[in-house]
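**Q** My file is final_33.pdb. It has PDB, C-alpha atoms:
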MODEL        1
ATOM      1  CA  MET A  17       9.038  15.196   7.207  1.00  0.00           C
ATOM      2  CA  ILE A  18       8.657  16.015  10.889  1.00  0.00           C
ATOM      3  CA  GLU A  19       9.693  12.424  11.705  1.00  0.00           C
ATOM      4  CA  GLN A  20      13.216  13.249  10.489  1.00  0.00           C
ATOM      5  CA  LEU A  21      13.926  15.711  13.308  1.00  0.00           C
ATOM      6  CA  ASP A  22      16.804  13.545  14.622  1.00  0.00           C
ATOM      7  CA  ILE A  23      18.873  13.904  11.458  1.00  0.00           C
ATOM      8  CA  ILE A  24      17.953  17.598  11.136  1.00  0.00           C
ATOM      9  CA  GLN A  25      19.343  18.067  14.649  1.00  0.00           C
ATOM     10  CA  GLN A  26      22.715  16.744  13.474  1.00  0.00           C
ATOM     11  CA  LEU A  27      22.986  19.936  11.423  1.00  0.00           C
ATOM     12  CA  TYR A  28      20.973  22.190  13.751  1.00  0.00           C
ATOM     13  CA  PRO A  29      21.316  20.785  17.305  1.00  0.00           C
ATOM     14  CA  GLU A  30      19.238  23.568  18.874  1.00  0.00           C
ATOM     15  CA  ILE A  31      16.169  23.261  16.624  1.00  0.00           C
ATOM     16  CA  THR A  32      13.065  22.134  18.478  1.00  0.00           C
ATOM     17  CA  SER A  33      10.280  19.973  17.149  1.00  0.00           C
ATOM     18  CA  GLU A  34       7.933  22.944  17.340  1.00  0.00           C
ATOM     19  CA  LYS A  35      10.238  25.242  15.367  1.00  0.00           C
ATOM     20  CA  TYR A  36      10.972  22.581  12.717  1.00  0.00           C
ATOM     21  CA  HIS A  37       7.242  21.891  12.341  1.00  0.00           C
ATOM     22  CA  SER A  38       6.387  25.590  12.030  1.00  0.00           C
ATOM     23  CA  TYR A  39       9.121  26.087   9.416  1.00  0.00           C
ATOM     24  CA  LEU A  40       7.855  23.121   7.402  1.00  0.00           C
ATOM     25  CA  LEU A  41       4.320  24.530   7.485  1.00  0.00           C
ATOM     26  CA  GLU A  42       5.644  27.716   5.864  1.00  0.00           C
ATOM     27  CA  MET A  43       8.123  26.083   3.469  1.00  0.00           C
ATOM     28  CA  ILE A  44       6.015  23.292   1.935  1.00  0.00           C
ATOM     29  CA  PRO A  45       3.482  25.627   0.256  1.00  0.00           C
ATOM     30  CA  HIS A  46       6.474  27.378  -1.372  1.00  0.00           C
ATOM     31  CA  ASN A  47       7.628  24.299  -3.270  1.00  0.00           C
ATOM     32  CA  TYR A  48       9.887  22.795  -0.582  1.00  0.00           C
ATOM     33  CA  LYS A  49      10.455  19.054  -0.829  1.00  0.00           C
ATOM     34  CA  GLN A  50      12.785  16.566   0.828  1.00  0.00           C
ATOM     35  CA  LEU A  51      14.800  13.626  -0.428  1.00  0.00           C
ATOM     36  CA  ALA A  52      15.569  11.023   2.234  1.00  0.00           C
ATOM     37  CA  ILE A  53      17.568   7.803   2.199  1.00  0.00           C
ATOM     38  CA  PHE A  54      16.767   5.097   4.731  1.00  0.00           C
ATOM     39  CA  GLU A  55      18.593   1.997   5.901  1.00  0.00           C
ATOM     40  CA  HIS A  56      16.783  -0.411   8.226  1.00  0.00           C
ATOM     41  CA  GLY A  57      14.164   2.263   8.935  1.00  0.00           C
ATOM     42  CA  ILE A  58      16.764   4.880   9.932  1.00  0.00           C
ATOM     43  CA  CYS A  59      17.117   8.085   7.930  1.00  0.00           C
ATOM     44  CA  ILE A  60      20.801   8.145   6.934  1.00  0.00           C
ATOM     45  CA  GLY A  61      20.661  10.983   4.409  1.00  0.00           C
ATOM     46  CA  LEU A  62      18.364  13.941   3.939  1.00  0.00           C
ATOM     47  CA  THR A  63      18.265  17.059   1.857  1.00  0.00           C
ATOM     48  CA  GLY A  64      15.611  19.612   1.232  1.00  0.00           C
ATOM     49  CA  PHE A  65      15.282  21.231  -2.159  1.00  0.00           C
ATOM     50  CA  TRP A  66      13.313  23.911  -3.913  1.00  0.00           C
ATOM     51  CA  SER A  67      12.821  24.740  -7.549  1.00  0.00           C
ATOM     52  CA  GLY A  68      12.458  28.229  -8.867  1.00  0.00           C
ATOM     53  CA  ILE A  69      13.349  30.616 -11.617  1.00  0.00           C
ATOM     54  CA  LYS A  70      15.493  33.747 -11.621  1.00  0.00           C
ATOM     55  CA  LEU A  71      16.388  36.186 -14.369  1.00  0.00           C
ATOM     56  CA  TRP A  72      20.134  35.414 -14.196  1.00  0.00           C
ATOM     57  CA  SER A  73      19.776  31.636 -14.222  1.00  0.00           C
ATOM     58  CA  GLY A  74      16.429  30.618 -15.587  1.00  0.00           C
ATOM     59  CA  LYS A  75      14.938  27.525 -13.959  1.00  0.00           C
ATOM     60  CA  TYR A  76      16.982  25.948 -11.148  1.00  0.00           C
ATOM     61  CA  ILE A  77      16.843  23.559  -8.197  1.00  0.00           C
ATOM     62  CA  GLU A  78      18.329  24.727  -4.910  1.00  0.00           C
ATOM     63  CA  ILE A  79      19.656  22.172  -2.444  1.00  0.00           C
ATOM     64  CA  ASP A  80      18.891  23.157   1.145  1.00  0.00           C
ATOM     65  CA  ASN A  81      20.142  21.522   4.377  1.00  0.00           C
ATOM     66  CA  PHE A  82      22.192  18.625   2.998  1.00  0.00           C
ATOM     67  CA  ILE A  83      22.791  16.076   5.770  1.00  0.00           C
ATOM     68  CA  VAL A  84      24.382  12.638   5.886  1.00  0.00           C
ATOM     69  CA  HIS A  85      24.060  10.847   9.230  1.00  0.00           C
ATOM     70  CA  SER A  86      27.413  11.003  11.023  1.00  0.00           C
ATOM     71  CA  ASP A  87      27.627   7.172  11.174  1.00  0.00           C
ATOM     72  CA  TYR A  88      27.228   6.858   7.379  1.00  0.00           C
ATOM     73  CA  ARG A  89      29.588   9.492   5.995  1.00  0.00           C
ATOM     74  CA  ARG A  90      32.109   8.520   3.284  1.00  0.00           C
ATOM     75  CA  LYS A  91      29.860   5.661   2.120  1.00  0.00           C
ATOM     76  CA  GLY A  92      28.415   7.260  -1.025  1.00  0.00           C
ATOM     77  CA  ILE A  93      25.149   8.502   0.501  1.00  0.00           C
ATOM     78  CA  GLY A  94      25.857  12.136  -0.399  1.00  0.00           C
ATOM     79  CA  LYS A  95      26.677  11.196  -3.988  1.00  0.00           C
ATOM     80  CA  ILE A  96      23.407   9.282  -4.290  1.00  0.00           C
ATOM     81  CA  MET A  97      21.545  12.416  -3.199  1.00  0.00           C
ATOM     82  CA  THR A  98      23.428  14.856  -5.450  1.00  0.00           C
ATOM     83  CA  ASP A  99      23.048  12.489  -8.414  1.00  0.00           C
ATOM     84  CA  TYR A 100      19.303  12.256  -7.773  1.00  0.00           C
ATOM     85  CA  ILE A 101      18.954  16.056  -7.601  1.00  0.00           C
ATOM     86  CA  SER A 102      21.037  16.489 -10.783  1.00  0.00           C
ATOM     87  CA  ASP A 103      18.889  13.936 -12.610  1.00  0.00           C
ATOM     88  CA  LEU A 104      15.727  15.655 -11.390  1.00  0.00           C
ATOM     89  CA  ALA A 105      17.062  19.031 -12.566  1.00  0.00           C
ATOM     90  CA  GLU A 106      17.779  17.592 -16.004  1.00  0.00           C
ATOM     91  CA  GLN A 107      14.348  15.927 -16.238  1.00  0.00           C
ATOM     92  CA  THR A 108      12.582  19.169 -15.279  1.00  0.00           C
ATOM     93  CA  ASP A 109      14.547  21.355 -17.716  1.00  0.00           C
ATOM     94  CA  CYS A 110      16.520  23.247 -15.084  1.00  0.00           C
ATOM     95  CA  ASN A 111      19.666  25.098 -16.080  1.00  0.00           C
ATOM     96  CA  LEU A 112      21.394  24.836 -12.707  1.00  0.00           C
ATOM     97  CA  VAL A 113      21.545  23.124  -9.347  1.00  0.00           C
ATOM     98  CA  VAL A 114      22.606  25.627  -6.683  1.00  0.00           C
ATOM     99  CA  LEU A 115      23.407  25.458  -2.984  1.00  0.00           C
ATOM    100  CA  ASP A 116      24.961  27.391  -0.143  1.00  0.00           C
ATOM    101  CA  ALA A 117      27.748  26.051   2.079  1.00  0.00           C
ATOM    102  CA  PHE A 118      29.052  27.914   5.092  1.00  0.00           C
ATOM    103  CA  THR A 119      32.411  29.519   4.400  1.00  0.00           C
ATOM    104  CA  GLY A 120      34.272  27.485   7.019  1.00  0.00           C
ATOM    105  CA  ASN A 121      32.778  24.101   6.107  1.00  0.00           C
ATOM    106  CA  PHE A 122      35.777  22.835   4.158  1.00  0.00           C
ATOM    107  CA  LYS A 123      34.666  19.184   4.206  1.00  0.00           C
ATOM    108  CA  ALA A 124      31.438  20.194   2.475  1.00  0.00           C
ATOM    109  CA  HIS A 125      33.357  22.346  -0.014  1.00  0.00           C
ATOM    110  CA  ARG A 126      35.573  19.412  -0.947  1.00  0.00           C
ATOM    111  CA  PHE A 127      32.535  17.148  -1.348  1.00  0.00           C
ATOM    112  CA  TYR A 128      30.704  19.643  -3.583  1.00  0.00           C
ATOM    113  CA  TYR A 129      33.786  20.265  -5.718  1.00  0.00           C
ATOM    114  CA  ASN A 130      34.061  16.498  -6.209  1.00  0.00           C
ATOM    115  CA  GLN A 131      30.425  16.417  -7.335  1.00  0.00           C
ATOM    116  CA  GLY A 132      31.031  19.055 -10.025  1.00  0.00           C
ATOM    117  CA  TYR A 133      29.886  22.158  -8.149  1.00  0.00           C
ATOM    118  CA  ALA A 134      31.921  25.361  -8.200  1.00  0.00           C
ATOM    119  CA  PRO A 135      31.478  28.743  -6.516  1.00  0.00           C
ATOM    120  CA  ARG A 136      30.060  31.366  -8.826  1.00  0.00           C
ATOM    121  CA  GLY A 137      29.522  34.249  -6.469  1.00  0.00           C
ATOM    122  CA  PHE A 138      28.964  35.262  -2.876  1.00  0.00           C
ATOM    123  CA  HIS A 139      25.799  34.840  -0.862  1.00  0.00           C
ATOM    124  CA  PHE A 140      25.642  38.026   1.190  1.00  0.00           C
ATOM    125  CA  VAL A 141      23.626  38.036   4.402  1.00  0.00           C
ATOM    126  CA  LYS A 142      22.408  40.892   6.583  1.00  0.00           C
ATOM    127  CA  THR A 143      21.131  39.615   9.932  1.00  0.00           C
ATOM    128  CA  ILE A 144      17.941  41.322  11.075  1.00  0.00           C
ATOM    129  CA  ASN A 145      16.786  39.033  13.920  1.00  0.00           C
ATOM    130  CA  LYS A 146      19.574  37.046  15.564  1.00  0.00           C
ATOM    131  CA  GLU A 147      17.156  35.177  17.869  1.00  0.00           C
ATOM    132  CA  GLY A 148      15.286  33.798  14.849  1.00  0.00           C
ATOM    133  CA  LEU A 149      18.375  31.969  13.558  1.00  0.00           C
ATOM    134  CA  THR A 150      18.845  28.274  14.116  1.00  0.00           C
TER
ENDMDL
END
Please express the file's structure as structure tokens.

**A**
Amino acid sequence: MIEQLDIIQQLYPEITSEKYHSYLLEMIPHNYKQLAIFEHGICIGLTGFWSGIKLWSGKYIEIDNFIVHSDYRRKGIGKIMTDYISDLAEQTDCNLVVLDAFTGNFKAHRFYYNQGYAPRGFHFVKTINKEGLT
């Protein structure tokens, strides 16, 4: 996973190798996985995902950090990844696939709407440590 720092930096330009590695060390034991798509040895699409269970939803998969390499956008890479996650959710008896998208990321909103996602609520955030944010 650490080898994919370049594509992660397309979403988070300021993240360092050390920070990404330390985050992975904490996330992986908590059921974090990644789906990556490669072309000619280059990672052109990457998303992390988690599975869990909540009282309101039952079992779910959460998409985290969905990235398509800037040179490969609008070529179906994102659809391949969302289809894979949806199939995995169905195979593992999940009720939902969930994700967060920043409120101003209208291109992402349009993409997710086209993939069958719809907003169901608000994800409220209270910042405690601004320096810890990527």

**Q** Around the point (23.5, 28.0, -8.4), in the coordinates given by the file, pick out the residues reaching within 9 Å, counting only C-alpha atoms, and return them as number ranges by chain.

**A** A: 73, 76-78, 112-116, 133-137

**Q** Which neighbours of A:Gln26 fall inside 12 Å, counting only C-alpha atoms, when residues of the same chain fewer than 4 positions from it are skipped, and could you give them as a PDB file with C-alpha atoms, keeping the file's coordinate frame?

**A**
ATOM      1  CA  GLN A  20      13.216  13.249  10.489  1.00  0.00           C
ATOM      2  CA  LEU A  21      13.926  15.711  13.308  1.00  0.00           C
ATOM      3  CA  ASP A  22      16.804  13.545  14.622  1.00  0.00           C
ATOM      4  CA  GLU A  30      19.238  23.568  18.874  1.00  0.00           C
ATOM      5  CA  ILE A  31      16.169  23.261  16.624  1.00  0.00           C
ATOM      6  CA  CYS A  59      17.117   8.085   7.930  1.00  0.00           C
ATOM      7  CA  ILE A  60      20.801   8.145   6.934  1.00  0.00           C
ATOM      8  CA  GLY A  61      20.661  10.983   4.409  1.00  0.00           C
ATOM      9  CA  LEU A  62      18.364  13.941   3.939  1.00  0.00           C
ATOM     10  CA  ASN A  81      20.142  21.522   4.377  1.00  0.00           C
ATOM     11  CA  PHE A  82      22.192  18.625   2.998  1.00  0.00           C
ATOM     12  CA  ILE A  83      22.791  16.076   5.770  1.00  0.00           C
ATOM     13  CA  VAL A  84      24.382  12.638   5.886  1.00  0.00           C
ATOM     14  CA  HIS A  85      24.060  10.847   9.230  1.00  0.00           C
ATOM     15  CA  SER A  86      27.413  11.003  11.023  1.00  0.00           C
ATOM     16  CA  ASP A  87      27.627   7.172  11.174  1.00  0.00           C
TER      17      ASP A  87
END

**Q** Of the candidates A:Phe118, A:Trp72, A:Tyr128, A:Phe65, which one gets nearest to A:Leu104 if we count all atoms listed in the file?

**A**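 Looking at the shortest contact to A:Leu104, the residue is A:Phe65.
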
**Q** How would you write, as a compact mmCIF listing (two decimals) with C-alpha atoms, in the coordinates of the input, the residues chosen by the PyMOL selection byres ((chain A and resi 17) around 9) on this structure?

**A**
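New file expr.txt:
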# COMPACT_ATOMS: atom_id res chain seq x y z
CA ILE A 18 8.66 16.02 10.89
CA GLU A 19 9.69 12.42 11.70
CA GLN A 20 13.22 13.25 10.49
CA LEU A 21 13.93 15.71 13.31
CA HIS A 37 7.24 21.89 12.34
CA LEU A 40 7.86 23.12 7.40
CA GLN A 50 12.78 16.57 0.83
